[in-house]
Amino acid sequence: MPQRQYGPATVAVDEEGFLADFSQWTREVAAAVAKEEGIAELTPAHWKIIEYMQKEFKENGQVPSIRKLNKSGVTSTKELYALFPGGPAKKAAKIAGMKKPEGCV
Amino acid sequence: MKRLIILGAGTGGTIMANLLRKRLARADWAITVVDRDNEHYYQPGFLFIPFGFYTKKDIVKPRSRFLPRGVEFIVAEVDRINPAANEVVFQDGSALAYDYLIVATGAEIEPSETPGMLDGWRDTIFDFYTPDGAEALAAKLKAFPGGRLVVHVNETPIKCPVAPLEFAFFCDWCLRRHHRRENIELIYVTPLDGAFTKPVASKALGALLDEKRVQMVTDFNAERIDAAARKIIGYDGREIPYDLLVTVPTNMGSEMIERSGMGDEFRFLPTDPNTLRSKKYENVFAIGDATDVPTSKAGSVAHFQAEILANNVVRAIEGRPLEPAFDGHSNCFVESGRGRAILIDFNYLVEPLPGRFPFPVFGPMSLLKPSRINHWGKLAFRWIYWHILLPGRPIPFVPARMKMAGKKRPAGVGAMPGSTK
């Protein structure tokens, strides 16, 4: 399993830099991943989404879909794209220390 | 007398009726299968209709013909499941009680989920996931003078995730044969970051798109469609103009699941990925596209699940613990044009890899590489579907759980967890 330096910590990651082990995630790791993804600073709006995703992930073992986030009342698809430009589900999952969303296979 | 109800007589429901009628004593168990109509479509055939290889009548047969004797078949609209009372309520208000229930209601397209999509529906916007849509598209393609043909996946998960790729490959091939390729620009638009979800297959299939001069637009999520201006507008502000849009709209489970209050945000039934029992109700099971399990929504998956699900339903009835045996096994032929097809075989943990199938070295099929024999395999599959798959007979040399033998992981790609030998 490859290792990566994210901020102060060295963590195990997959080929695309997603954390292999959620328990190695810290807020500092999140900030470092976010920087690499082009998000200079994680604001309270970002954290609200990250925390919701982590709660869902712990409960169901699955990264919530954009549709689920949009329906949750926590955020909207539009806001997700503004906060995590590019691929929000993927980017937010990476910052939140979760595996790459499965989507379809 | 106890009763097992199967909702849906598609691939999964029909196989379950056939397997369980043999396993449950007729004196003790009634089996009732419910569907809203009596038309069973061979869904892999939809792809071939827009190109004139098949028409609707080539791929439809009565559902009742594939159900075994000793099974009651009801054609009716179900209003909802009432899991607290263990009953299925029909739209006329009548109810039927069950001891065990199998949900096999599949997935369907929902174009109304994307604002503006229905404005251009079957005018400049078409689907090929319904028999009528595929036929309408056949007529449209024949008369299409040229321009930008956009193949679009709106949102994942979708049924048969490789179908839109096959559509693009077929388009290139057919247009070339008719000397129309130069007038038509082919564009493939996907919410994924590549041609497929998993890296090895994504690379192989992406290279094929490239070879066929199909431009790929990735990470694209449609916010709305402006049908009058003929463009798709993304959440990130990108706009994709089209002359003809062939879309795979958002796929969702049956509305009945939502009316029953049993679905997730896609109306899929939360299902244990290994035992196939509902996560919430002990006497409810699910199979095929109706579940939320993280593998492909495909007939092959329903087929592999069926044997394991039949065992688990019998175990539940006998009060024994369920077996967490389903590994996410999926197997698809991907038409790549020019009389060739690619075969992929994978599960929850092992992504599609190159190699030979079903036997190492001898094959005779190649994995993740276009070959003629794979194409013949796909064509032969229509017969196999009606005569071997639906009756619940095993397909020779292709067991329910995925085999690692014959598969090769390219150098530089991680280990192979989760295989069974």
# chains A, B, ... in the order shown; residues from 1 in each chain; ligands from 1

call {"tool": "interface_residues", "arguments": {"of": "chain A", "to": "chain B", "cutoff": "12 Å", "atoms": "only C-alpha atoms", "output": "MDAnalysis selection string"}}
result
chainID A and resid 1:2 13:16 60:72 76:91 100:105

call {"tool": "residues_around", "arguments": {"residues": "Ala45 in chain A", "least_positions_apart": "2", "cutoff": "10 Å", "atoms": "only C-alpha atoms", "output": "PyMOL selection string"}}
result
chain A and resi 42-43+47-50+74-75+79-80+83

call {"tool": "residues_around", "arguments": {"residues": "Pro8 in chain A", "least_positions_apart": "5", "cutoff": "12 Å", "atoms": "only C-alpha atoms", "output": "list of chain:residue names"}}
result
A:Gln24, A:Trp25, A:Thr26, A:Arg27, A:Glu28, A:Val29, A:Ala30, A:Ala31, A:Ala32, A:Val33

call {"tool": "closest_residue", "arguments": {"among": "A:Ala34, A:Ala9, A:Ala40, A:Met53", "to": "Lys99 in chain A", "atoms": "only C-alpha atoms"}}
result
A:Met53

call {"tool": "atom_distance", "arguments": {"atom1": "CA of Ser300 in chain B", "atom2": "CA of Thr32 in chain B"}}
result
23.7 Å

call {"tool": "select_by_dssp", "arguments": {"residues": "chain A", "states": "strand (DSSP E)", "output": "number ranges by chain"}}
result
A: 3-6, 9-12

call {"tool": "atom_distance", "arguments": {"atom1": "CA of Ile74 in chain B", "atom2": "CA of Lys57 in chain B"}}
result
23.1 Å

call {"tool": "atom_distance", "arguments": {"atom1": "CA of Phe285 in chain B", "atom2": "CA of Leu390 in chain B"}}
result
18.8 Å

call {"tool": "closest_atom_pairs", "arguments": {"of": "range 84-136 of chain B", "to": "range 11-18 of chain B", "cutoff": "12 Å", "atoms": "only C-alpha atoms", "output": "CSV"}}
result
residue,atom,partner,partner_atom,distance
B:Leu101,CA,B:Gly13,CA,10.9
B:Ile102,CA,B:Gly13,CA,7.8
B:Val103,CA,B:Gly13,CA,7.8
B:Ala104,CA,B:Gly13,CA,5.3
B:Thr105,CA,B:Gly13,CA,8.0
B:Gly106,CA,B:Gly12,CA,8.5
B:Ala107,CA,B:Thr11,CA,11.9

call {"tool": "write_last_selection", "arguments": {"atoms": "N, CA and C atoms", "output": "short mmCIF file (atom, residue, chain, number, x, y, z; two decimals), in the first residue's frame"}}
result
data_model
loop_
_atom_site.label_atom_id
_atom_site.label_comp_id
_atom_site.auth_asym_id
_atom_site.auth_seq_id
_atom_site.Cartn_x
_atom_site.Cartn_y
_atom_site.Cartn_z
N LEU B 101 -41.19 -12.19 1.10
CA LEU B 101 -41.34 -11.34 -0.07
C LEU B 101 -39.99 -11.19 -0.76
N ILE B 102 -40.00 -11.30 -2.09
CA ILE B 102 -38.79 -11.00 -2.87
C ILE B 102 -39.10 -9.81 -3.77
N VAL B 103 -38.32 -8.76 -3.62
CA VAL B 103 -38.50 -7.55 -4.44
C VAL B 103 -37.59 -7.67 -5.66
N ALA B 104 -38.21 -7.70 -6.84
CA ALA B 104 -37.44 -7.83 -8.09
C ALA B 104 -38.02 -6.85 -9.10
N THR B 105 -38.21 -5.61 -8.65
CA THR B 105 -38.93 -4.63 -9.46
C THR B 105 -38.02 -3.78 -10.35
N GLY B 106 -36.72 -4.07 -10.35
CA GLY B 106 -35.84 -3.47 -11.34
C GLY B 106 -35.58 -1.99 -11.17
N ALA B 107 -35.09 -1.41 -12.26
CA ALA B 107 -34.79 0.03 -12.31
C ALA B 107 -35.36 0.57 -13.60
#

call {"tool": "closest_residue", "arguments": {"among": "B:Lys2, B:Arg372, B:Arg382, B:Lys408", "to": "Tyr98 in chain B", "atoms": "only C-alpha atoms"}}
result
B:Lys2

call {"tool": "residues_around", "arguments": {"residues": "Phe268 in chain B", "least_positions_apart": "2", "cutoff": "6 Å", "atoms": "only C-alpha atoms", "output": "PyMOL selection string"}}
result
chain B and resi 253+263-264+266+290-292

call {"tool": "closest_residue", "arguments": {"among": "B:Pro249, B:Pro62, B:Pro68, B:Gly45", "to": "Val33 in chain B", "atoms": "only C-alpha atoms"}}
result
B:Pro68

call {"tool": "closest_residue", "arguments": {"among": "B:Gly288, B:Gly8, B:Pro115, B:Gly133", "to": "Ile49 in chain B", "atoms": "only C-alpha atoms"}}
result
B:Gly133

call {"tool": "select_by_dssp", "arguments": {"residues": "range 151-282 of chain B", "states": "helix (DSSP H, G or I)", "output": "VMD selection string"}}
result
chain B and resid 163 to 177 181 to 183 199 to 211 255 to 259

call {"tool": "write_last_selection", "arguments": {"atoms": "N, CA and C atoms", "output": "CSV table (one decimal), in the first residue's frame"}}
result
chain,number,residue,atom,x,y,z
B,163,ALA,N,-23.5,0.0,-21.5
B,163,ALA,CA,-24.4,0.2,-22.7
B,163,ALA,C,-24.1,1.5,-23.4
B,164,PRO,N,-24.0,2.7,-22.7
B,164,PRO,CA,-23.7,3.9,-23.5
B,164,PRO,C,-22.4,3.9,-24.3
B,165,LEU,N,-21.4,3.2,-23.7
B,165,LEU,CA,-20.1,3.0,-24.5
B,165,LEU,C,-20.3,2.2,-25.7
B,166,GLU,N,-21.1,1.1,-25.5
B,166,GLU,CA,-21.4,0.2,-26.7
B,166,GLU,C,-22.1,1.0,-27.7
B,167,PHE,N,-23.0,1.9,-27.3
B,167,PHE,CA,-23.8,2.7,-28.2
B,167,PHE,C,-22.8,3.6,-29.0
B,168,ALA,N,-21.9,4.2,-28.4
B,168,ALA,CA,-20.9,5.1,-29.1
B,168,ALA,C,-20.1,4.2,-30.1
B,169,PHE,N,-19.6,3.0,-29.6
B,169,PHE,CA,-18.8,2.2,-30.5
B,169,PHE,C,-19.6,1.8,-31.8
B,170,PHE,N,-20.9,1.4,-31.5
B,170,PHE,CA,-21.8,1.0,-32.6
B,170,PHE,C,-22.0,2.1,-33.6
B,171,CYS,N,-22.2,3.3,-33.0
B,171,CYS,CA,-22.5,4.5,-33.9
B,171,CYS,C,-21.3,4.7,-34.8
B,172,ASP,N,-20.1,4.6,-34.3
B,172,ASP,CA,-18.9,4.8,-35.1
B,172,ASP,C,-18.9,3.8,-36.2
B,173,TRP,N,-19.1,2.6,-35.9
B,173,TRP,CA,-19.0,1.4,-36.8
B,173,TRP,C,-20.1,1.6,-37.9
B,174,CYS,N,-21.4,1.8,-37.5
B,174,CYS,CA,-22.5,1.8,-38.5
B,174,CYS,C,-22.3,3.0,-39.4
B,175,LEU,N,-22.0,4.2,-38.8
B,175,LEU,CA,-21.8,5.4,-39.6
B,175,LEU,C,-20.7,5.2,-40.6
B,176,ARG,N,-19.6,4.5,-40.2
B,176,ARG,CA,-18.6,4.3,-41.2
B,176,ARG,C,-19.0,3.4,-42.3
B,177,ARG,N,-19.7,2.3,-41.9
B,177,ARG,CA,-20.2,1.4,-43.0
B,177,ARG,C,-21.1,2.1,-44.0
B,181,ARG,N,-19.7,8.8,-41.5
B,181,ARG,CA,-19.0,9.1,-40.3
B,181,ARG,C,-18.4,10.5,-40.4
B,182,GLU,N,-18.0,11.0,-41.6
B,182,GLU,CA,-17.3,12.3,-41.7
B,182,GLU,C,-18.2,13.4,-41.3
B,183,ASN,N,-19.5,13.2,-41.5
B,183,ASN,CA,-20.5,14.3,-41.3
B,183,ASN,C,-20.9,14.4,-39.8
B,199,PRO,N,-10.1,1.5,-12.7
B,199,PRO,CA,-9.0,2.1,-13.5
B,199,PRO,C,-8.5,1.2,-14.7
B,200,VAL,N,-8.4,-0.1,-14.6
B,200,VAL,CA,-7.8,-0.9,-15.7
B,200,VAL,C,-8.8,-0.9,-16.9
B,201,ALA,N,-10.1,-1.1,-16.6
B,201,ALA,CA,-11.1,-1.1,-17.7
B,201,ALA,C,-11.3,0.3,-18.2
B,202,SER,N,-11.2,1.3,-17.4
B,202,SER,CA,-11.4,2.7,-17.8
B,202,SER,C,-10.4,3.0,-18.8
B,203,LYS,N,-9.1,2.6,-18.6
B,203,LYS,CA,-8.1,2.9,-19.6
B,203,LYS,C,-8.3,2.2,-20.9
B,204,ALA,N,-8.7,0.9,-20.8
B,204,ALA,CA,-8.9,0.1,-22.0
B,204,ALA,C,-10.0,0.6,-22.9
B,205,LEU,N,-11.1,1.0,-22.2
B,205,LEU,CA,-12.3,1.4,-22.9
B,205,LEU,C,-12.1,2.9,-23.4
B,206,GLY,N,-11.4,3.7,-22.6
B,206,GLY,CA,-11.1,5.1,-23.0
B,206,GLY,C,-10.2,5.1,-24.2
B,207,ALA,N,-9.3,4.1,-24.3
B,207,ALA,CA,-8.4,4.0,-25.5
B,207,ALA,C,-9.3,3.7,-26.7
B,208,LEU,N,-10.3,2.8,-26.5
B,208,LEU,CA,-11.2,2.5,-27.7
B,208,LEU,C,-12.0,3.7,-28.2
B,209,LEU,N,-12.4,4.5,-27.2
B,209,LEU,CA,-13.2,5.7,-27.6
B,209,LEU,C,-12.3,6.6,-28.5
B,210,ASP,N,-11.0,6.7,-28.0
B,210,ASP,CA,-10.0,7.5,-28.7
B,210,ASP,C,-9.8,7.0,-30.1
B,211,GLU,N,-9.6,5.7,-30.2
B,211,GLU,CA,-9.3,5.0,-31.5
B,211,GLU,C,-10.5,5.3,-32.5
B,255,GLU,N,-41.3,3.3,-8.5
B,255,GLU,CA,-42.0,4.3,-7.6
B,255,GLU,C,-42.8,3.6,-6.5
B,256,MET,N,-43.2,2.4,-6.7
B,256,MET,CA,-43.9,1.6,-5.7
B,256,MET,C,-43.0,1.5,-4.5
B,257,ILE,N,-41.7,1.3,-4.6
B,257,ILE,CA,-40.8,1.2,-3.5
B,257,ILE,C,-40.8,2.5,-2.7
B,258,GLU,N,-40.9,3.6,-3.4
B,258,GLU,CA,-41.0,4.9,-2.7
B,258,GLU,C,-42.3,5.1,-2.0
B,259,ARG,N,-43.4,4.7,-2.6
B,259,ARG,CA,-44.7,4.7,-2.0
B,259,ARG,C,-44.7,3.9,-0.7

call {"tool": "decode", "arguments": {"residues": "range 236-356 of chain B", "atoms": "C-alpha atoms", "output": "CSV table (one decimal), in the first residue's frame"}}
result
chain,number,residue,atom,x,y,z
B,236,ASP,CA,-19.9,23.8,-13.2
B,237,GLY,CA,-21.1,26.1,-16.0
B,238,ARG,CA,-19.8,24.1,-18.9
B,239,GLU,CA,-22.2,23.9,-21.9
B,240,ILE,CA,-22.4,21.0,-24.4
B,241,PRO,CA,-24.2,21.8,-27.6
B,242,TYR,CA,-25.8,18.9,-29.5
B,243,ASP,CA,-27.8,18.2,-32.7
B,244,LEU,CA,-28.9,14.8,-31.4
B,245,LEU,CA,-28.7,13.9,-27.8
B,246,VAL,CA,-28.8,10.2,-26.9
B,247,THR,CA,-29.1,10.2,-23.1
B,248,VAL,CA,-29.2,7.6,-20.4
B,249,PRO,CA,-31.4,9.5,-17.9
B,250,THR,CA,-31.2,9.1,-14.2
B,251,ASN,CA,-32.0,5.5,-13.3
B,252,MET,CA,-34.2,4.8,-10.3
B,253,GLY,CA,-36.0,2.0,-8.7
B,254,SER,CA,-39.8,1.5,-8.9
B,255,GLU,CA,-42.0,4.3,-7.6
B,256,MET,CA,-43.9,1.6,-5.7
B,257,ILE,CA,-40.8,1.2,-3.5
B,258,GLU,CA,-41.0,4.9,-2.7
B,259,ARG,CA,-44.7,4.7,-2.0
B,260,SER,CA,-43.9,1.9,0.4
B,261,GLY,CA,-41.4,4.1,2.2
B,262,MET,CA,-38.7,1.4,1.7
B,263,GLY,CA,-36.3,3.0,-0.7
B,264,ASP,CA,-33.1,5.1,-0.6
B,265,GLU,CA,-32.6,8.4,-2.5
B,266,PHE,CA,-32.7,6.4,-5.8
B,267,ARG,CA,-35.8,4.3,-4.7
B,268,PHE,CA,-33.5,1.3,-4.4
B,269,LEU,CA,-34.1,-1.1,-1.6
B,270,PRO,CA,-31.3,-1.1,1.1
B,271,THR,CA,-30.1,-4.7,0.8
B,272,ASP,CA,-27.3,-6.6,2.6
B,273,PRO,CA,-24.7,-6.9,-0.2
B,274,ASN,CA,-23.7,-10.5,0.7
B,275,THR,CA,-26.9,-12.2,1.9
B,276,LEU,CA,-29.4,-10.1,-0.2
B,277,ARG,CA,-31.8,-9.7,2.6
B,278,SER,CA,-33.4,-6.3,3.2
B,279,LYS,CA,-31.4,-4.4,5.8
B,280,LYS,CA,-34.6,-3.6,7.6
B,281,TYR,CA,-37.1,-6.5,7.3
B,282,GLU,CA,-36.2,-10.1,8.1
B,283,ASN,CA,-38.7,-11.6,5.7
B,284,VAL,CA,-38.0,-9.4,2.7
B,285,PHE,CA,-35.3,-10.1,0.2
B,286,ALA,CA,-34.2,-8.4,-3.1
B,287,ILE,CA,-32.5,-9.3,-6.3
B,288,GLY,CA,-31.2,-7.5,-9.4
B,289,ASP,CA,-31.5,-3.8,-10.3
B,290,ALA,CA,-34.0,-3.2,-7.4
B,291,THR,CA,-31.3,-3.5,-4.8
B,292,ASP,CA,-28.7,-0.9,-3.7
B,293,VAL,CA,-25.8,-3.3,-3.6
B,294,PRO,CA,-22.6,-1.7,-5.1
B,295,THR,CA,-22.2,-3.9,-8.2
B,296,SER,CA,-23.5,-3.5,-11.8
B,297,LYS,CA,-27.2,-3.4,-12.5
B,298,ALA,CA,-27.2,-6.2,-15.0
B,299,GLY,CA,-28.9,-9.4,-15.8
B,300,SER,CA,-25.7,-11.4,-15.2
B,301,VAL,CA,-25.7,-10.1,-11.6
B,302,ALA,CA,-29.3,-11.1,-11.1
B,303,HIS,CA,-28.4,-14.6,-12.4
B,304,PHE,CA,-25.4,-14.9,-10.1
B,305,GLN,CA,-27.4,-13.6,-7.1
B,306,ALA,CA,-30.3,-16.0,-7.8
B,307,GLU,CA,-28.7,-19.2,-6.7
B,308,ILE,CA,-27.3,-17.6,-3.5
B,309,LEU,CA,-30.7,-15.9,-2.8
B,310,ALA,CA,-32.6,-19.1,-3.3
B,311,ASN,CA,-30.4,-20.8,-0.7
B,312,ASN,CA,-30.8,-17.9,1.7
B,313,VAL,CA,-34.6,-17.8,1.4
B,314,VAL,CA,-34.7,-21.5,2.1
B,315,ARG,CA,-32.3,-21.0,5.1
B,316,ALA,CA,-34.5,-18.2,6.5
B,317,ILE,CA,-37.6,-20.4,6.2
B,318,GLU,CA,-35.9,-23.2,8.0
B,319,GLY,CA,-34.6,-20.8,10.7
B,320,ARG,CA,-31.0,-21.3,9.8
B,321,PRO,CA,-28.4,-18.5,9.5
B,322,LEU,CA,-28.0,-16.9,6.1
B,323,GLU,CA,-24.9,-17.4,4.1
B,324,PRO,CA,-23.1,-14.1,3.2
B,325,ALA,CA,-22.1,-15.7,-0.2
B,326,PHE,CA,-22.7,-13.1,-2.8
B,327,ASP,CA,-19.4,-11.5,-3.9
B,328,GLY,CA,-20.8,-8.9,-6.4
B,329,HIS,CA,-20.0,-11.0,-9.4
B,330,SER,CA,-20.8,-9.4,-12.7
B,331,ASN,CA,-20.1,-10.4,-16.3
B,332,CYS,CA,-20.8,-8.4,-19.4
B,333,PHE,CA,-20.1,-8.5,-23.1
B,334,VAL,CA,-19.3,-5.1,-24.4
B,335,GLU,CA,-19.9,-4.6,-28.2
B,336,SER,CA,-17.0,-2.7,-29.6
B,337,GLY,CA,-18.1,-2.5,-33.2
B,338,ARG,CA,-16.7,-4.2,-36.3
B,339,GLY,CA,-18.1,-7.6,-35.3
B,340,ARG,CA,-16.1,-7.7,-32.1
B,341,ALA,CA,-16.9,-7.5,-28.4
B,342,ILE,CA,-15.0,-7.2,-25.2
B,343,LEU,CA,-15.8,-9.4,-22.2
B,344,ILE,CA,-15.5,-8.2,-18.6
B,345,ASP,CA,-15.8,-10.3,-15.4
B,346,PHE,CA,-15.5,-8.8,-12.0
B,347,ASN,CA,-16.9,-8.5,-8.4
B,348,TYR,CA,-17.1,-6.1,-5.4
B,349,LEU,CA,-13.3,-6.3,-4.9
B,350,VAL,CA,-11.7,-7.3,-8.1
B,351,GLU,CA,-12.0,-4.9,-11.0
B,352,PRO,CA,-12.3,-6.0,-14.6
B,353,LEU,CA,-8.9,-7.4,-15.6
B,354,PRO,CA,-7.4,-8.7,-18.8
B,355,GLY,CA,-6.9,-12.4,-19.3
B,356,ARG,CA,-8.9,-15.5,-20.7
